[in-house]
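Let me begin by presenting the structure, written as structure tokens, before commenting on it.
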Amino acid sequence: MIGLSNLANRSPWTSGILHFSLSQYFQRGSTLVEKKPYSFLRMSIAEAVSKALFSECNSKVQPSQLELLLEEPRRREFGDLSFPLPRLRQYCGKGMDELWKVVKKALSEHPLIKDLIRVGSYSNIYVDMAKYSFLFFESLKELKEQYGKPFSSKKERIVVEYVSANPVHPLHIGSGRNAVIGDFIYRILKEAGNEVERRYYVDDVGLQVAYLAYGYIKLGKPQPPQGMKPDHYYGLIYAATATIVDILKLKRLQAEAKNSGESEKYAQLGDRIHRLLADLSRLKERIPDEVNRLMDEISKEPDPEASISKLMREYELGLKSSEPVREVAQKVIEGIRQTLAALGIEMDKWDWESDLIKEGLVDEVIKKAYSSPYFGEHKGLPALVFADLLKDEEIRAKLRIPTGLEVPPLILRRSDGSTLYTTRDIAYTLKKFREFKADKVINVIAVEQTLPQTQLRLALYALGYEKEAESLYHYSYEMVNLPGKSMSGRRGAYVTVDEVINMMTEVVMNFMEKRGEASRSLALKIARSAFKYMMLSASPSKMLVFDIERALDRKQLSGPYLQYTFARAKSVLRKAGGEVPWEQIDCSKADVGLRKELIWLLSQYPSVVQKVSEELQPEDLVAHLNKVSDIFNRWYDSEPIAKEAEVGTRALKLAITYGVSVVLENGMKILGMDVLPRI
RNA sequence: GGGCCCGUAGCCCAGCCAGGACAGGGCGCCGGCCUUCUAAGCCGGCGGUCCCGGGUUCAAAUCCCGGCGGGCCCGCCA
């Protein structure tokens with residue numbers, strides 16, 4: 001089969017394909033089926049013009065350059081595609097009139113072009129829909145549900161690390177965005193033919209888990225009450241512990257301020273304590289006994305923070321006294337795993353940071369760092385100093401470090417000898433590359449971690465892992481906010497994925513009940529798909545304001561819109577007997593209103609997915625599926641499909657409908673949405 | 001103070017990288033359409049200083065410079 005990637009050495013012009021009549025073209029059999037009809041069309045036009053510019057002006061402009069200039073007019077009256085003539089001037093110094101003649105001559109023989117009209121400075125191209133749709137239908141008929149499948153020419157081994165939320169509280173909607181985006185990346189890379197592995201990094205060695213474990217121990221290792229998920233319960237314990245420790249610390253500072261007569265500082269601290277107490281009383285409503293007991297127990301400690309650090313250090317050293325740390329983290333992770341399962345998201349590997357230390361990988365990295373030429377001191381502590389590396393523009397470019405970004409040294413160890421997250425992450429990155437023999441590692445991590453992720457690449461480079469440094473990608477996404485609220489895990493103020501999914505499921509259930517039948521498992525599939533749709537419809541680089549009211553508004557759930565449209569198309573096909581009578585298709589009926597629009601959009605789909613798989617921008621795929629659904633629904637309303645009397649037209653309509661179902665199914669699967677035959 | 005991201009209708013978002021024809025959707029609001037293939041749908045209407053100011057260009061929402069507004073980062077947290 002001919003893919004666009006083959007065009008470079010097998011041009012349709014030099015091979016003469018397009019000089020055949022279309023019937024001859026298809027008689028040559030399925031080996032000539034075009035995987036991406038739209039790209040094929042554009043490239044063939046660009047090649048023709050490129051050739052003409054060469055012979056008329058001796059211009060050596062590449063077809064791919066010209067292809068970029070080829071635009072779709074906003075209004076159909078102006079044609080299907082169009083060249084702005086002035087843009088061609090940079091390749092050929094002639095005047096517009098002459099350029100127009102060149103383009104006209106170049107394209108007048110093109111078998112897929114029906115007409116060419118100059119309007120002002122545009123040369124408007126009208127595609128011969130009968131022939132072009134034939135090309136599209138041949139492709140669809142041959143590829144069936146494989147139509148639009150992206151392909152990676154490299155077939156790489158890729159690790160995608162995502163979610164990786166710390167095991168101290170349930171997944172909140174920010175982690176939800178991470179989970180959904182990461183899963184999309186996994187799915188599309190896999191679909192494109194790569195070997196992909198999903199990994200979750202459990203950071204059980206950090207300070208946060210130590211806080212949770214500290215509270216957990218103080219309470220005598222309590223179990224969650226009936227009906228409460230462990231991540232939710234221990235999330236409250238974590239927040240209560242952290243808040244109480246903070247309150248006690250501020251109270252001590254306040255007492256000091258009072259003694260030294262700093263009245264302004266005293267008042268300021270008072271305000272902060274007041275706010276923390278408000279947070280605490282909110283937590284108290286949920287777990288009153290636990291909060292009271294924690295307050296009593298922690299107040300007895302002379303220096304709770306020191307005890308927490310000690311616990312963390314003991315855990316890193318693998319001492320028995322710290323066993324409850326792993327124990328409680330494990331329980332939280334089980335809750336998180338349940339949430340992911342409800343979303344239909346699975347991981348291949350759960351990597352415990354403490355195991356990484358046991359395996360000696362962290363020691364290995366630190367040893368290597370000490371002998372690195374970039375080893376130095378920062379704030380009196382062992383560090384990797386990047387100043388020299390950063391001066392080298394070539395290295396900056398290779399490691400994708402923005403110009404002007406200053407990167408402070410990376411401290412390797414705390415003064416108590418314990419390691420820091422980013423140090424351990426160096427080891428973890430190597431583990432990901434080694435274990436999976438990965439060509440590429442993609443970390444899906446929030447944008448606020450841009451700096452440590454940059455330090456990570458520099459550190460790898462500094463330690464001599466240059467290839468790994470260059471093959472490590474930080475896929476960043478913006479935070480999710482609630483209107484008017486600020487979120488804080490440390491204070492237990494967050495909206496969880498569980499509650500959002502539950503609420504959405506309820507809304508869907510209510511809707512279903514009003515219609516008669518209701519099924520909880522179906523409702524969940526609709527709700528979670530709506531959730532994913534929402535998370536993927538906005539560019540990851542944009543902050544997402546998660547308005548629960550809006551999310552629960554049925555009309556706003558555009559996930560169901562896609563699911564509904566798919567079910568509708570399936571239903572039509574079912575009623576029509578299932579099989580598309582390919583041989584009966586009358587392509588001369590394709591150039592009509594919305595039918596043409598649909599064929600046009602469907603023919604573009606493989607090109608869209610291909611680009612999405614390369615640039616990993618889910619919102620482009622969402623937008624395209626939306627457009628397909630929109631036009632299909634309008635078309636569905638405007639004329640009968642299965643009930644069409646004329647045989648050739650009916651076959652055409654069924655083929656279009658089949659195309660819609662294939663494209664929506666393929667696209668929704670990539671987005672991780674549930675594809676439902678009925679809704 | 002420095003760096004990065006965002007700014008397009010009452011609200012949410014696409015278009016910006018690769019500049020082109022009267023700037024596209026969705027929500028909301030107003031009014032219509034189920035004896036016909038799934039009405040979770042469709043049709044019509046209302047709604048815009050593309051944050052502001054310069055510059056480049058035949059042509060700027062898009063590129064450049066300077067502002068303004070919002071967010072994030074600059075920790076012996078992650």
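Going by the structure tokens order, chains are called A, B, ..., each with residues numbered from 1, while ligands are numbered from 1 in the order shown.
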
Give me the residues within 9 Å of B:G3 as a ChimeraX atom specification, counting only C-alpha atoms (C1' of nucleotides) and dropping any in the same chain fewer than 4 places off.
/A:402,404-406 /B:73-74

Give me a file of those residues, with all heavy atoms, as a compact mmCIF listing (two decimals), in the first residue's frame.
```txt
# COMPACT_ATOMS: atom_id res chain seq x y z
N PRO A 402 14.95 25.90 27.29
CA PRO A 402 14.63 27.20 26.72
C PRO A 402 15.78 28.19 26.92
O PRO A 402 16.42 28.19 27.97
CB PRO A 402 13.41 27.65 27.53
CG PRO A 402 12.89 26.46 28.23
CD PRO A 402 14.02 25.49 28.34
N GLY A 404 17.62 31.33 27.95
CA GLY A 404 17.31 32.29 29.01
C GLY A 404 16.92 31.63 30.31
O GLY A 404 16.89 32.28 31.35
N LEU A 405 16.61 30.34 30.26
CA LEU A 405 16.22 29.66 31.49
C LEU A 405 17.47 29.34 32.31
O LEU A 405 18.39 28.68 31.85
CB LEU A 405 15.47 28.36 31.19
CG LEU A 405 15.02 27.55 32.42
CD1 LEU A 405 13.97 28.30 33.21
CD2 LEU A 405 14.51 26.19 32.02
N GLU A 406 17.51 29.87 33.53
CA GLU A 406 18.63 29.56 34.41
C GLU A 406 18.25 28.35 35.23
O GLU A 406 17.14 28.24 35.71
CB GLU A 406 18.92 30.74 35.34
CG GLU A 406 19.62 31.88 34.62
CD GLU A 406 19.76 33.09 35.51
OE1 GLU A 406 20.11 32.89 36.69
OE2 GLU A 406 19.51 34.19 35.03
P C B 73 4.19 27.00 41.83
OP1 C B 73 4.08 25.78 42.63
OP2 C B 73 3.91 28.32 42.42
O5' C B 73 5.64 27.08 41.19
C5' C B 73 6.22 25.94 40.57
C4' C B 73 7.51 26.33 39.90
O4' C B 73 7.25 27.37 38.91
C3' C B 73 8.57 26.97 40.78
O3' C B 73 9.28 25.99 41.54
C2' C B 73 9.44 27.66 39.74
O2' C B 73 10.26 26.74 39.06
C1' C B 73 8.38 28.22 38.79
N1 C B 73 8.02 29.60 39.12
C2 C B 73 8.86 30.63 38.69
O2 C B 73 9.90 30.33 38.07
N3 C B 73 8.55 31.91 38.96
C4 C B 73 7.43 32.20 39.64
N4 C B 73 7.16 33.48 39.88
C5 C B 73 6.55 31.18 40.09
C6 C B 73 6.88 29.90 39.81
P C B 74 9.90 26.39 42.92
OP1 C B 74 10.47 25.15 43.47
OP2 C B 74 8.94 27.19 43.72
O5' C B 74 11.08 27.36 42.51
C5' C B 74 12.28 26.86 41.94
C4' C B 74 13.19 28.00 41.58
O4' C B 74 12.50 28.93 40.72
C3' C B 74 13.62 28.88 42.74
O3' C B 74 14.66 28.26 43.48
C2' C B 74 14.08 30.13 42.01
O2' C B 74 15.34 29.95 41.42
C1' C B 74 13.02 30.23 40.92
N1 C B 74 11.94 31.16 41.30
C2 C B 74 12.13 32.53 41.10
O2 C B 74 13.20 32.91 40.60
N3 C B 74 11.16 33.39 41.45
C4 C B 74 10.03 32.93 41.99
N4 C B 74 9.09 33.82 42.33
C5 C B 74 9.80 31.54 42.22
C6 C B 74 10.78 30.69 41.85
```

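By chain and then residue number, the residues within 12 Å of A:Phe54 are Glu47, Ala48, Val49, Ser50, Asn58, Ser59, Lys60, Val61, Gln62, Pro63, Tyr91, Cys92, Val102, Val103 and Ala106 of chain A, counting only C-alpha atoms (C1' of nucleotides) and disregarding those fewer than 4 positions away in sequence.
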
What are the residues of chain A that have an atom within 6 Å of an atom of chain B, counting only C-alpha atoms (C1' of nucleotides), as a PDB file with N, CA, C and O atoms, in the first residue's frame?
```pdb
ATOM      1  N   LEU A 405      16.610  30.340  30.259  1.00  0.00           N
ATOM      2  CA  LEU A 405      16.224  29.658  31.494  1.00  0.00           C
ATOM      3  C   LEU A 405      17.474  29.344  32.312  1.00  0.00           C
ATOM      4  O   LEU A 405      18.387  28.675  31.848  1.00  0.00           O
ATOM      5  N   ARG A 414      20.393  15.711  51.421  1.00  0.00           N
ATOM      6  CA  ARG A 414      20.129  16.633  52.526  1.00  0.00           C
ATOM      7  C   ARG A 414      21.296  16.553  53.507  1.00  0.00           C
ATOM      8  O   ARG A 414      22.104  15.612  53.459  1.00  0.00           O
ATOM      9  N   GLU A 448       4.356  22.748  36.652  1.00  0.00           N
ATOM     10  CA  GLU A 448       5.154  23.376  37.710  1.00  0.00           C
ATOM     11  C   GLU A 448       6.431  22.601  38.021  1.00  0.00           C
ATOM     12  O   GLU A 448       7.274  23.070  38.749  1.00  0.00           O
ATOM     13  N   ARG A 568     -25.868   5.970  16.707  1.00  0.00           N
ATOM     14  CA  ARG A 568     -26.846   6.307  15.674  1.00  0.00           C
ATOM     15  C   ARG A 568     -26.397   5.750  14.318  1.00  0.00           C
ATOM     16  O   ARG A 568     -27.182   5.134  13.592  1.00  0.00           O
ATOM     17  N   VAL A 572     -28.235   2.758  12.065  1.00  0.00           N
ATOM     18  CA  VAL A 572     -28.613   2.867  10.654  1.00  0.00           C
ATOM     19  C   VAL A 572     -28.051   1.685   9.868  1.00  0.00           C
ATOM     20  O   VAL A 572     -28.752   1.054   9.079  1.00  0.00           O
ATOM     21  N   ALA A 642     -30.684   4.712   4.886  1.00  0.00           N
ATOM     22  CA  ALA A 642     -31.025   3.331   4.548  1.00  0.00           C
ATOM     23  C   ALA A 642     -32.297   3.268   3.711  1.00  0.00           C
ATOM     24  O   ALA A 642     -32.517   2.316   2.971  1.00  0.00           O
TER      25      ALA A 642
END
```

Let's see if you can do this: from backbone DSSP, list all strand (DSSP E or B) residues in stretch 369-611 of chain A, as a ChimeraX atom specification.
/A:375-378,381-384,410-411,413,419,440-446,472-477,480-482,485,488,493,496,544-545

In terms of the shortest atom-to-atom distance over only C-alpha atoms (C1' of nucleotides), which of A:Val609, A:Ala590, A:Val545, A:Met535 is closest to B:C11?
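Looking only at the distances to B:C11, the closest residue turns out to be A:Val545.
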
Using only C-alpha atoms (C1' of nucleotides), which residues sit within 8 Å of A:Val362 once same-chain residues fewer than 6 positions away are excluded, as a ChimeraX atom specification?
/A:356,423-424,426-427

Selection to disk with all heavy atoms, as an mmCIF file, in the first residue's frame:
```
data_model
loop_
_atom_site.group_PDB
_atom_site.id
_atom_site.type_symbol
_atom_site.label_atom_id
_atom_site.label_comp_id
_atom_site.auth_asym_id
_atom_site.auth_seq_id
_atom_site.Cartn_x
_atom_site.Cartn_y
_atom_site.Cartn_z
ATOM 1 N N LEU A 356 13.773 0.996 44.509
ATOM 2 C CA LEU A 356 14.861 1.575 43.708
ATOM 3 C C LEU A 356 16.103 1.742 44.573
ATOM 4 O O LEU A 356 17.234 1.489 44.145
ATOM 5 C CB LEU A 356 14.371 2.950 43.229
ATOM 6 C CG LEU A 356 15.014 3.620 42.050
ATOM 7 C CD1 LEU A 356 14.696 2.827 40.800
ATOM 8 C CD2 LEU A 356 14.444 5.037 41.909
ATOM 9 N N THR A 423 17.158 13.578 42.745
ATOM 10 C CA THR A 423 18.303 12.656 42.723
ATOM 11 C C THR A 423 17.813 11.227 42.464
ATOM 12 O O THR A 423 18.343 10.502 41.626
ATOM 13 C CB THR A 423 19.041 12.675 44.083
ATOM 14 O OG1 THR A 423 19.291 14.028 44.455
ATOM 15 C CG2 THR A 423 20.337 11.910 43.994
ATOM 16 N N ARG A 424 16.780 10.865 43.219
ATOM 17 C CA ARG A 424 16.240 9.508 43.049
ATOM 18 C C ARG A 424 15.635 9.334 41.653
ATOM 19 O O ARG A 424 15.654 8.252 41.068
ATOM 20 C CB ARG A 424 15.186 9.239 44.130
ATOM 21 C CG ARG A 424 15.755 9.327 45.545
ATOM 22 C CD ARG A 424 14.762 8.834 46.584
ATOM 23 N NE ARG A 424 13.548 9.617 46.653
ATOM 24 C CZ ARG A 424 13.307 10.593 47.524
ATOM 25 N NH1 ARG A 424 14.225 10.931 48.417
ATOM 26 N NH2 ARG A 424 12.167 11.244 47.515
ATOM 27 N N ILE A 426 16.771 10.488 38.948
ATOM 28 C CA ILE A 426 17.830 10.166 37.976
ATOM 29 C C ILE A 426 17.935 8.647 37.879
ATOM 30 O O ILE A 426 17.949 8.070 36.792
ATOM 31 C CB ILE A 426 19.204 10.741 38.421
ATOM 32 C CG1 ILE A 426 19.132 12.263 38.563
ATOM 33 C CG2 ILE A 426 20.287 10.361 37.409
ATOM 34 C CD1 ILE A 426 20.371 12.856 39.250
ATOM 35 N N ALA A 427 17.988 8.025 39.049
ATOM 36 C CA ALA A 427 18.073 6.564 39.095
ATOM 37 C C ALA A 427 16.856 5.935 38.438
ATOM 38 O O ALA A 427 16.964 4.975 37.672
ATOM 39 C CB ALA A 427 18.196 6.104 40.547
#
```

Length of the atom CA of A:Val168 to atom CA of A:Ser521 vector [Å]
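Distance reported for this atom pair: 28.7 Å.
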
Pick out the residues sitting within 10 Å of A:Leu343, and hand them over as a PyMOL selection string; count only C-alpha atoms (C1' of nucleotides), and ignore anything fewer than 6 positions along from it in its own chain.
chain A and resi 176+179-180+337+497-498+501+524-525+527-529+531-532+672-673

Prev. selection, N, CA, C and O atoms, output as a PDB file, in the first residue's frame:
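File produced: part28.pdb:
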```pdb
ATOM      1  N   GLY A 176      -6.361  13.536  37.730  1.00  0.00           N
ATOM      2  CA  GLY A 176      -7.281  12.980  36.747  1.00  0.00           C
ATOM      3  C   GLY A 176      -6.894  13.415  35.346  1.00  0.00           C
ATOM      4  O   GLY A 176      -6.900  12.616  34.400  1.00  0.00           O
ATOM      5  N   ALA A 179      -3.860  11.436  34.408  1.00  0.00           N
ATOM      6  CA  ALA A 179      -4.178  10.048  34.080  1.00  0.00           C
ATOM      7  C   ALA A 179      -4.772   9.927  32.674  1.00  0.00           C
ATOM      8  O   ALA A 179      -4.397   9.046  31.905  1.00  0.00           O
ATOM      9  N   VAL A 180      -5.675  10.827  32.367  1.00  0.00           N
ATOM     10  CA  VAL A 180      -6.374  10.762  31.086  1.00  0.00           C
ATOM     11  C   VAL A 180      -5.438  11.112  29.920  1.00  0.00           C
ATOM     12  O   VAL A 180      -5.432  10.450  28.883  1.00  0.00           O
ATOM     13  N   ARG A 337      -5.577   2.718  42.726  1.00  0.00           N
ATOM     14  CA  ARG A 337      -5.703   1.724  41.664  1.00  0.00           C
ATOM     15  C   ARG A 337      -7.184   1.479  41.324  1.00  0.00           C
ATOM     16  O   ARG A 337      -7.557   1.332  40.160  1.00  0.00           O
ATOM     17  N   VAL A 497     -11.339  12.611  41.898  1.00  0.00           N
ATOM     18  CA  VAL A 497     -11.840  11.984  40.674  1.00  0.00           C
ATOM     19  C   VAL A 497     -13.052  11.109  41.019  1.00  0.00           C
ATOM     20  O   VAL A 497     -14.051  11.111  40.309  1.00  0.00           O
ATOM     21  N   ASP A 498     -12.959  10.402  42.136  1.00  0.00           N
ATOM     22  CA  ASP A 498     -14.062   9.520  42.540  1.00  0.00           C
ATOM     23  C   ASP A 498     -15.382  10.271  42.659  1.00  0.00           C
ATOM     24  O   ASP A 498     -16.403   9.838  42.133  1.00  0.00           O
ATOM     25  N   ILE A 501     -16.646  11.505  39.203  1.00  0.00           N
ATOM     26  CA  ILE A 501     -17.172  10.402  38.388  1.00  0.00           C
ATOM     27  C   ILE A 501     -18.504   9.908  38.963  1.00  0.00           C
ATOM     28  O   ILE A 501     -19.455   9.651  38.215  1.00  0.00           O
ATOM     29  N   LEU A 524     -21.777   4.509  33.993  1.00  0.00           N
ATOM     30  CA  LEU A 524     -20.379   4.779  34.343  1.00  0.00           C
ATOM     31  C   LEU A 524     -19.532   4.974  33.087  1.00  0.00           C
ATOM     32  O   LEU A 524     -18.690   5.861  33.008  1.00  0.00           O
ATOM     33  N   LYS A 525     -19.790   4.142  32.076  1.00  0.00           N
ATOM     34  CA  LYS A 525     -19.011   4.265  30.840  1.00  0.00           C
ATOM     35  C   LYS A 525     -19.257   5.595  30.147  1.00  0.00           C
ATOM     36  O   LYS A 525     -18.353   6.179  29.548  1.00  0.00           O
ATOM     37  N   ALA A 527     -20.263   8.335  31.762  1.00  0.00           N
ATOM     38  CA  ALA A 527     -19.715   9.380  32.636  1.00  0.00           C
ATOM     39  C   ALA A 527     -18.201   9.491  32.491  1.00  0.00           C
ATOM     40  O   ALA A 527     -17.656  10.582  32.337  1.00  0.00           O
ATOM     41  N   ARG A 528     -17.520   8.359  32.528  1.00  0.00           N
ATOM     42  CA  ARG A 528     -16.052   8.442  32.472  1.00  0.00           C
ATOM     43  C   ARG A 528     -15.574   8.894  31.103  1.00  0.00           C
ATOM     44  O   ARG A 528     -14.552   9.570  30.975  1.00  0.00           O
ATOM     45  N   SER A 529     -16.323   8.532  30.069  1.00  0.00           N
ATOM     46  CA  SER A 529     -15.947   9.011  28.742  1.00  0.00           C
ATOM     47  C   SER A 529     -16.135  10.516  28.637  1.00  0.00           C
ATOM     48  O   SER A 529     -15.343  11.208  27.996  1.00  0.00           O
ATOM     49  N   PHE A 531     -15.851  12.527  31.115  1.00  0.00           N
ATOM     50  CA  PHE A 531     -14.737  13.060  31.905  1.00  0.00           C
ATOM     51  C   PHE A 531     -13.471  13.130  31.046  1.00  0.00           C
ATOM     52  O   PHE A 531     -12.784  14.141  30.987  1.00  0.00           O
ATOM     53  N   LYS A 532     -13.200  12.042  30.343  1.00  0.00           N
ATOM     54  CA  LYS A 532     -11.996  12.004  29.506  1.00  0.00           C
ATOM     55  C   LYS A 532     -12.094  13.020  28.368  1.00  0.00           C
ATOM     56  O   LYS A 532     -11.133  13.722  28.060  1.00  0.00           O
ATOM     57  N   GLY A 672      -9.461   6.916  24.630  1.00  0.00           N
ATOM     58  CA  GLY A 672      -9.742   6.125  25.821  1.00  0.00           C
ATOM     59  C   GLY A 672     -11.213   6.124  26.185  1.00  0.00           C
ATOM     60  O   GLY A 672     -11.589   5.722  27.283  1.00  0.00           O
ATOM     61  N   MET A 673     -12.062   6.570  25.266  1.00  0.00           N
ATOM     62  CA  MET A 673     -13.500   6.602  25.543  1.00  0.00           C
ATOM     63  C   MET A 673     -14.119   5.228  25.252  1.00  0.00           C
ATOM     64  O   MET A 673     -13.604   4.454  24.452  1.00  0.00           O
TER      65      MET A 673
END
```

Among stretch 557-630 of chain A, which ones does DSSP assign to helix (DSSP H, G or I) (computed from the backbone)? Answer as a PyMOL selection string.
chain A and resi 558-575+582-584+587-589+593-615+618-630

Using only C-alpha atoms (C1' of nucleotides), which protein or nucleic acid residues come within 12 Å of A:Leu280? Drop anything in the same chain fewer than 2 positions from it, and give the result as a PyMOL selection string.
chain A and resi 236-247+273-278+282-288+290-292+294-295+490-493

List the spatial neighbours of A:Ile401 as a VMD selection string - criterion: any atom at most 10 Å away, only C-alpha atoms (C1' of nucleotides), same-chain residues fewer than 4 positions off excluded.
chain A and resid 390 393 395 to 397 405 to 407 450 to 451 454 to 455 457 to 458

Hey, can you spit out that residue selection with N, CA and C atoms as a PDB file, in the first residue's frame?
```pdb
ATOM      1  N   LEU A 390      25.277  24.764  30.689  1.00  0.00           N
ATOM      2  CA  LEU A 390      24.250  25.686  30.201  1.00  0.00           C
ATOM      3  C   LEU A 390      24.805  26.726  29.237  1.00  0.00           C
ATOM      4  N   GLU A 393      25.323  26.223  23.798  1.00  0.00           N
ATOM      5  CA  GLU A 393      24.028  26.332  23.119  1.00  0.00           C
ATOM      6  C   GLU A 393      23.603  25.018  22.464  1.00  0.00           C
ATOM      7  N   ILE A 395      24.216  21.973  23.524  1.00  0.00           N
ATOM      8  CA  ILE A 395      23.666  21.080  24.546  1.00  0.00           C
ATOM      9  C   ILE A 395      22.269  21.542  24.950  1.00  0.00           C
ATOM     10  N   ARG A 396      22.131  22.852  25.097  1.00  0.00           N
ATOM     11  CA  ARG A 396      20.804  23.395  25.446  1.00  0.00           C
ATOM     12  C   ARG A 396      19.769  22.948  24.424  1.00  0.00           C
ATOM     13  N   ALA A 397      20.150  23.030  23.161  1.00  0.00           N
ATOM     14  CA  ALA A 397      19.209  22.673  22.100  1.00  0.00           C
ATOM     15  C   ALA A 397      18.883  21.177  22.166  1.00  0.00           C
ATOM     16  N   LEU A 405      16.610  30.340  30.259  1.00  0.00           N
ATOM     17  CA  LEU A 405      16.224  29.658  31.494  1.00  0.00           C
ATOM     18  C   LEU A 405      17.474  29.344  32.312  1.00  0.00           C
ATOM     19  N   GLU A 406      17.510  29.875  33.527  1.00  0.00           N
ATOM     20  CA  GLU A 406      18.626  29.558  34.409  1.00  0.00           C
ATOM     21  C   GLU A 406      18.252  28.347  35.230  1.00  0.00           C
ATOM     22  N   VAL A 407      19.209  27.431  35.351  1.00  0.00           N
ATOM     23  CA  VAL A 407      18.919  26.219  36.115  1.00  0.00           C
ATOM     24  C   VAL A 407      19.874  26.147  37.298  1.00  0.00           C
ATOM     25  N   THR A 450       8.588  21.806  35.694  1.00  0.00           N
ATOM     26  CA  THR A 450       9.468  22.020  34.546  1.00  0.00           C
ATOM     27  C   THR A 450      10.929  22.124  34.965  1.00  0.00           C
ATOM     28  N   LEU A 451      11.182  22.853  36.030  1.00  0.00           N
ATOM     29  CA  LEU A 451      12.561  23.040  36.451  1.00  0.00           C
ATOM     30  C   LEU A 451      13.234  21.735  36.899  1.00  0.00           C
ATOM     31  N   THR A 454      13.983  19.628  33.998  1.00  0.00           N
ATOM     32  CA  THR A 454      15.125  20.132  33.239  1.00  0.00           C
ATOM     33  C   THR A 454      16.426  19.738  33.932  1.00  0.00           C
ATOM     34  N   GLN A 455      16.412  19.855  35.258  1.00  0.00           N
ATOM     35  CA  GLN A 455      17.599  19.442  36.025  1.00  0.00           C
ATOM     36  C   GLN A 455      17.886  17.965  35.801  1.00  0.00           C
ATOM     37  N   ARG A 457      17.286  16.151  33.116  1.00  0.00           N
ATOM     38  CA  ARG A 457      17.964  15.936  31.822  1.00  0.00           C
ATOM     39  C   ARG A 457      19.429  16.365  31.894  1.00  0.00           C
ATOM     40  N   LEU A 458      19.655  17.513  32.549  1.00  0.00           N
ATOM     41  CA  LEU A 458      21.031  17.994  32.669  1.00  0.00           C
ATOM     42  C   LEU A 458      21.876  17.041  33.510  1.00  0.00           C
TER      43      LEU A 458
END
```

Can you tell me which residues surround B:G45 at a distance of at most 12 Å, considering only C-alpha atoms (C1' of nucleotides), apart from same-chain residues fewer than 2 positions away, and format the answer as number ranges by chain?
B: 29-32, 43, 47

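Take the candidates A:Lys653, A:His172, A:Lys104, A:His474 and check each one against A:Ser123 using only C-alpha atoms; the shortest distance goes to A:Lys104.
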
Atomic separation - atom C1' of B:C64 relative to atom CA of A:Arg87, Å
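Taking atom CA of A:Arg87 and atom C1' of B:C64, their separation equals 20.1 Å.
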
I'd like to know which of B:G67, B:G15, B:G1, B:G28 is closest to B:C52, using only C-alpha atoms (C1' of nucleotides).
B:G67

For a quick check of understanding, using only C-alpha atoms, which of A:Leu99, A:Ile158, A:Leu598, A:Ile298 has the smallest distance to A:Leu219?
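Among A:Leu99, A:Ile158, A:Leu598, A:Ile298, it is A:Ile298 that comes nearest to A:Leu219.
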